Structure formats: structure tokens, C-alpha cells
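Student: The structure's right below; bear with me while I get my questions together.
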Amino acid sequence: MNKELLKIRKVNSSDAREWFIFGFKVWRDAYKDIFPEEVFIDRESKLEEKVKDFDNKLQNNETSIAYVAEYDGKIVGTMCGSIKSSYNHFDKYADLIGLYIDPSFQGYGIGTAFKNIFENWAIENGATQYVIGVLKDNTKARAVYESWGGKLSKFEEDFVKLGVGYPEVFYTYNLENILKKSR
């Protein structure tokens with residue numbers, strides 16, 4: 001990979017269609033052994049409504065963050081988060097909601113760069129801890145979150161798709177350690 005062709009930047013309105021098409025592709029790869037085909041078809045059938053609502057859902061301000069990684073002008077990674085988690089048991093946590101990297105670009109530090117951007121933003125907006133929810137069976141992502149120092153929570157809840165619950169687990173991170181290092 002030519003690092004000069006890689007750019008990480010805030011999302012903008014013109015990214016909407018490519019953001020979701022990229023997401024569909026990465027979801028299929030990450031969850032092919034977890035979800036049935038109907039889940040992907042249902043998700044992909046909602047492209048137009050997702051594109052229309054893009055600017056309402058993905059913003060960069062004091063309550064939400066969204067970034068893309070581009071390689072040679074093409075999206076190869078996405079990240080979004082919120083200053084307040086919507087998960088049960090984690091209402092006092094910021095939430096790294098989504099972090100997806102094209103499989104052919106994994107291992108180049110894009111995910112870590114996104115994590116660092118999210119952590120700095122969360123600290124700037126008053127968070128002292130954050131959470132990442134991940135499907136229990138997504139062992140690849142779980143290994144990454146553990147390598148980042150995440151602590152597995154005792155809580156689990158179902159991520160429901162088409163009326164079926166898929167167990168989701170949670171990794172928590174303490175931002176106070178990062179704050180101490182920066183002082």
C-alpha cells in the first residue's frame with residue numbers, strides 16, 4: 001500500500017452512497033458466517049432511504065463523529081461514534097458505534113487511526129470512558145478490541161435482525177489513562 005494515497009478525513013454529504021455501498025460489502029464479509037442472506041438483502045434494499053437520511057445520522061459535532069479512510073479516492077474504511085451510548089448499562093459511556101475496514105486494507109493501521117481519532121474527540125467532549133459493541137461470534141473484531149486493551153463487560157444483549165437475536169458483547173475502555181499520558 002502506498003501510504004501517500006491514503007487519506008483519513010471527516011465524512012461529508014457527497015460520501016452518502018459510497019458510505020453505504022462500502023458498508024454493505026464489508027458487512028457481507030464480516031458477517032457471512034453469522035447472518036443468513038436475508039439480513040443482507042433487507043439491509044441493502046434500504047439504500048435510498050439511508051442515503052436520504054445520511055446528513056441527519058452522520059455528522060461531526062460535539063455529540064457525534066464520522067470519518068472515512070480513502071485510498072486513491074475510494075472509501076476503504078468508515079468510523080462513526082456518539083458521545084452517549086444507547087446500549088443498556090452503558091449510558092455514561094461514549095460509543096464507538098461502527099468501525100469497518102475493507103479486508104484488503106486491514107493490518108495497515110487504519111482501524112487504530114480511527115480509534116485514536118475517536119478517543120481524542122471523546123475526551124474533548126467530556127467522555128471518560130467508551131464502549132464498543134460487537135457480535136459475540138465476530139472473533140476477528142473481538143481480537144482487535146482486546147489488543148486495544150478493551151475489557152470484556154459482563155453484559156450481553158441481543159442484536160436483533162429480522163426478528164432473530166444475535167448475541168452482542170461489549171468492550172469498555174477507560175479514557176482517563178489517555179488523559180494522564182497527555183498531561
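Residues are referred to by chain and number: the chain letter is A, B, ... according to the order shown in the C-alpha cells, the number counts from 1 in that chain, and ligands are numbered separately from 1 in the order shown.
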Run DSSP on the backbone and tell me which residues of stretch 7-166 of chain A come out as strand (DSSP E); list them as number ranges by chain.

Tutor: A: 7-10, 64-71, 74-82, 94-101, 129-135, 151-161, 164-166

Student: Write out as JSON lines a residue-level contact list of stretch 2-61 of chain A versus stretch 112-120 of chain A with cut-off 12 Å: for each qualifying residue the closest pair of atoms and the distance in Å to one decimal, counting only C-alpha atoms, rows sorted by chain and residue number upward.

Tutor:
{"residue": "A:Leu6", "atom": "CA", "partner": "A:Ala113", "partner_atom": "CA", "distance": 11.7}
{"residue": "A:Lys7", "atom": "CA", "partner": "A:Ala113", "partner_atom": "CA", "distance": 11.0}
{"residue": "A:Ile8", "atom": "CA", "partner": "A:Phe114", "partner_atom": "CA", "distance": 8.3}
{"residue": "A:Arg9", "atom": "CA", "partner": "A:Phe114", "partner_atom": "CA", "distance": 9.9}
{"residue": "A:Lys10", "atom": "CA", "partner": "A:Ile117", "partner_atom": "CA", "distance": 10.3}
{"residue": "A:Asn60", "atom": "CA", "partner": "A:Phe118", "partner_atom": "CA", "distance": 11.0}

Student: Got a sec: who's within 10 Å of A:Gly111, counting only C-alpha atoms, leaving out chain neighbours fewer than 6 positions off, as a PyMOL selection string?

Tutor: chain A and resi 69+77-79+99-101+105+117+144

Student: Store the residues of this selection in a file with N, CA and C atoms, as an mmCIF file, in the first residue's frame.

Tutor:
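Result written to result38.cif:
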data_model
loop_
_atom_site.group_PDB
_atom_site.id
_atom_site.type_symbol
_atom_site.label_atom_id
_atom_site.label_comp_id
_atom_site.auth_asym_id
_atom_site.auth_seq_id
_atom_site.Cartn_x
_atom_site.Cartn_y
_atom_site.Cartn_z
ATOM 1 N N ALA A 69 -11.850 6.638 5.558
ATOM 2 C CA ALA A 69 -10.489 6.469 5.057
ATOM 3 C C ALA A 69 -10.635 6.227 3.562
ATOM 4 N N GLY A 77 -12.506 2.557 4.436
ATOM 5 C CA GLY A 77 -12.785 2.430 5.864
ATOM 6 C C GLY A 77 -13.765 3.495 6.314
ATOM 7 N N THR A 78 -14.573 3.145 7.314
ATOM 8 C CA THR A 78 -15.522 4.095 7.889
ATOM 9 C C THR A 78 -15.514 3.958 9.407
ATOM 10 N N MET A 79 -15.824 5.056 10.076
ATOM 11 C CA MET A 79 -15.921 5.064 11.534
ATOM 12 C C MET A 79 -16.972 6.076 11.932
ATOM 13 N N LEU A 99 -16.959 0.703 13.080
ATOM 14 C CA LEU A 99 -15.600 0.834 12.570
ATOM 15 C C LEU A 99 -15.399 -0.319 11.592
ATOM 16 N N TYR A 100 -15.342 0.021 10.318
ATOM 17 C CA TYR A 100 -15.240 -1.005 9.287
ATOM 18 C C TYR A 100 -14.085 -0.681 8.341
ATOM 19 N N ILE A 101 -13.277 -1.693 8.063
ATOM 20 C CA ILE A 101 -12.134 -1.552 7.162
ATOM 21 C C ILE A 101 -12.256 -2.625 6.080
ATOM 22 N N PHE A 105 -7.454 -3.916 3.191
ATOM 23 C CA PHE A 105 -6.724 -2.803 3.797
ATOM 24 C C PHE A 105 -6.553 -2.980 5.304
ATOM 25 N N ILE A 117 -8.564 8.802 16.707
ATOM 26 C CA ILE A 117 -9.376 9.985 16.393
ATOM 27 C C ILE A 117 -10.609 10.002 17.288
ATOM 28 N N VAL A 144 -9.184 -7.801 17.859
ATOM 29 C CA VAL A 144 -8.667 -6.435 17.697
ATOM 30 C C VAL A 144 -9.005 -5.597 18.924
#

Student: For atom CA of A:Lys161 and atom CA of A:Phe54, quote the distance in Å rounded to one decimal.

Tutor: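 That distance, rounded to one decimal, is 20.9 Å.
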
Student: For stretch 84-95 of chain A, work out the shell of residues within 7 Å, counting only C-alpha atoms and skipping chain neighbours fewer than 3 positions away, then give it as a PyMOL selection string.

Tutor: chain A and resi 81+122+127+129-132

Student: Report as a PyMOL selection string all protein, DNA and RNA residues lying within 10 Å of stretch 135-139 of chain A, evaluated on only C-alpha atoms, omitting residues in the same chain fewer than 3 positions from it.

Tutor: chain A and resi 30-31+33-34+142-145+156-159+166-170

Student: Write the selection just made, keeping N, CA and C atoms, as a PDB file, in the first residue's frame?

Tutor:
ATOM      1  N   ALA A  30     -17.691  -9.531   6.869  1.00  0.00           N
ATOM      2  CA  ALA A  30     -17.514  -9.728   8.314  1.00  0.00           C
ATOM      3  C   ALA A  30     -18.531 -10.697   8.907  1.00  0.00           C
ATOM      4  N   TYR A  31     -19.735 -10.699   8.363  1.00  0.00           N
ATOM      5  CA  TYR A  31     -20.822 -11.451   8.993  1.00  0.00           C
ATOM      6  C   TYR A  31     -21.370 -12.597   8.149  1.00  0.00           C
ATOM      7  N   ASP A  33     -20.678 -15.630   8.014  1.00  0.00           N
ATOM      8  CA  ASP A  33     -20.883 -16.874   8.750  1.00  0.00           C
ATOM      9  C   ASP A  33     -21.808 -16.697   9.953  1.00  0.00           C
ATOM     10  N   ILE A  34     -22.373 -15.491  10.094  1.00  0.00           N
ATOM     11  CA  ILE A  34     -23.239 -15.202  11.243  1.00  0.00           C
ATOM     12  C   ILE A  34     -24.688 -14.978  10.808  1.00  0.00           C
ATOM     13  N   ARG A 142     -13.280  -9.030  17.768  1.00  0.00           N
ATOM     14  CA  ARG A 142     -13.059  -9.128  19.213  1.00  0.00           C
ATOM     15  C   ARG A 142     -11.567  -9.186  19.538  1.00  0.00           C
ATOM     16  N   ALA A 143     -10.808  -9.885  18.730  1.00  0.00           N
ATOM     17  CA  ALA A 143      -9.359  -9.961  18.958  1.00  0.00           C
ATOM     18  C   ALA A 143      -8.712  -8.579  18.827  1.00  0.00           C
ATOM     19  N   VAL A 144      -9.184  -7.801  17.859  1.00  0.00           N
ATOM     20  CA  VAL A 144      -8.667  -6.435  17.697  1.00  0.00           C
ATOM     21  C   VAL A 144      -9.005  -5.597  18.924  1.00  0.00           C
ATOM     22  N   TYR A 145     -10.263  -5.643  19.374  1.00  0.00           N
ATOM     23  CA  TYR A 145     -10.685  -4.821  20.517  1.00  0.00           C
ATOM     24  C   TYR A 145      -9.946  -5.226  21.787  1.00  0.00           C
ATOM     25  N   GLU A 156     -24.419  -8.744  28.200  1.00  0.00           N
ATOM     26  CA  GLU A 156     -24.684  -9.163  26.818  1.00  0.00           C
ATOM     27  C   GLU A 156     -26.106  -8.756  26.495  1.00  0.00           C
ATOM     28  N   GLU A 157     -26.375  -8.476  25.228  1.00  0.00           N
ATOM     29  CA  GLU A 157     -27.751  -8.283  24.784  1.00  0.00           C
ATOM     30  C   GLU A 157     -27.852  -8.738  23.346  1.00  0.00           C
ATOM     31  N   ASP A 158     -29.072  -8.924  22.892  1.00  0.00           N
ATOM     32  CA  ASP A 158     -29.279  -9.393  21.532  1.00  0.00           C
ATOM     33  C   ASP A 158     -29.298  -8.234  20.543  1.00  0.00           C
ATOM     34  N   PHE A 159     -28.586  -8.408  19.446  1.00  0.00           N
ATOM     35  CA  PHE A 159     -28.629  -7.538  18.285  1.00  0.00           C
ATOM     36  C   PHE A 159     -29.659  -8.204  17.378  1.00  0.00           C
ATOM     37  N   TYR A 166     -29.059 -11.974  17.863  1.00  0.00           N
ATOM     38  CA  TYR A 166     -27.678 -12.451  17.763  1.00  0.00           C
ATOM     39  C   TYR A 166     -26.929 -11.862  18.956  1.00  0.00           C
ATOM     40  N   PRO A 167     -26.287 -12.684  19.780  1.00  0.00           N
ATOM     41  CA  PRO A 167     -25.645 -12.167  20.991  1.00  0.00           C
ATOM     42  C   PRO A 167     -24.561 -11.126  20.687  1.00  0.00           C
ATOM     43  N   GLU A 168     -24.644 -10.029  21.412  1.00  0.00           N
ATOM     44  CA  GLU A 168     -23.665  -8.960  21.296  1.00  0.00           C
ATOM     45  C   GLU A 168     -22.973  -8.797  22.646  1.00  0.00           C
ATOM     46  N   VAL A 169     -21.660  -8.633  22.611  1.00  0.00           N
ATOM     47  CA  VAL A 169     -20.876  -8.406  23.823  1.00  0.00           C
ATOM     48  C   VAL A 169     -20.265  -7.009  23.731  1.00  0.00           C
ATOM     49  N   PHE A 170     -19.691  -6.562  24.846  1.00  0.00           N
ATOM     50  CA  PHE A 170     -19.236  -5.178  24.921  1.00  0.00           C
ATOM     51  C   PHE A 170     -17.839  -5.083  25.517  1.00  0.00           C
TER      52      PHE A 170
END

Student: Could you check which of A:Ser45, A:Ser13, A:Gln106, A:Thr172 is closest to A:Trp148, using only C-alpha atoms?

Tutor: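 The closest residue to A:Trp148 is A:Thr172.
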
Student: I need the residues in stretch 22-150 of chain A that are alpha helix (DSSP H) according to DSSP; give them as an MDAnalysis selection string.

Tutor: chainID A and resid 22:31 37:44 47:52 54:57 110:124 139:147

Student: Could you tell me which of A:Val134, A:Ile41, A:Met1, A:Leu96 comes closest to A:Arg28 if we count only C-alpha atoms?

Tutor: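 Among the listed residues, the smallest separation from A:Arg28 belongs to A:Ile41.
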
Student: What separation in Å, quoted to one decimal, exists between atom CA of A:Asn125 and atom CA of A:Glu62?

Tutor: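 Computing it gives 6.0 Å between the two atoms.
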
Student: Rounded to one decimal, what separation in Å do you get between atom CA of A:Leu58 and atom CA of A:Ser82?

Tutor: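 Result for atom CA of A:Leu58 versus atom CA of A:Ser82: 9.8 Å, one decimal.
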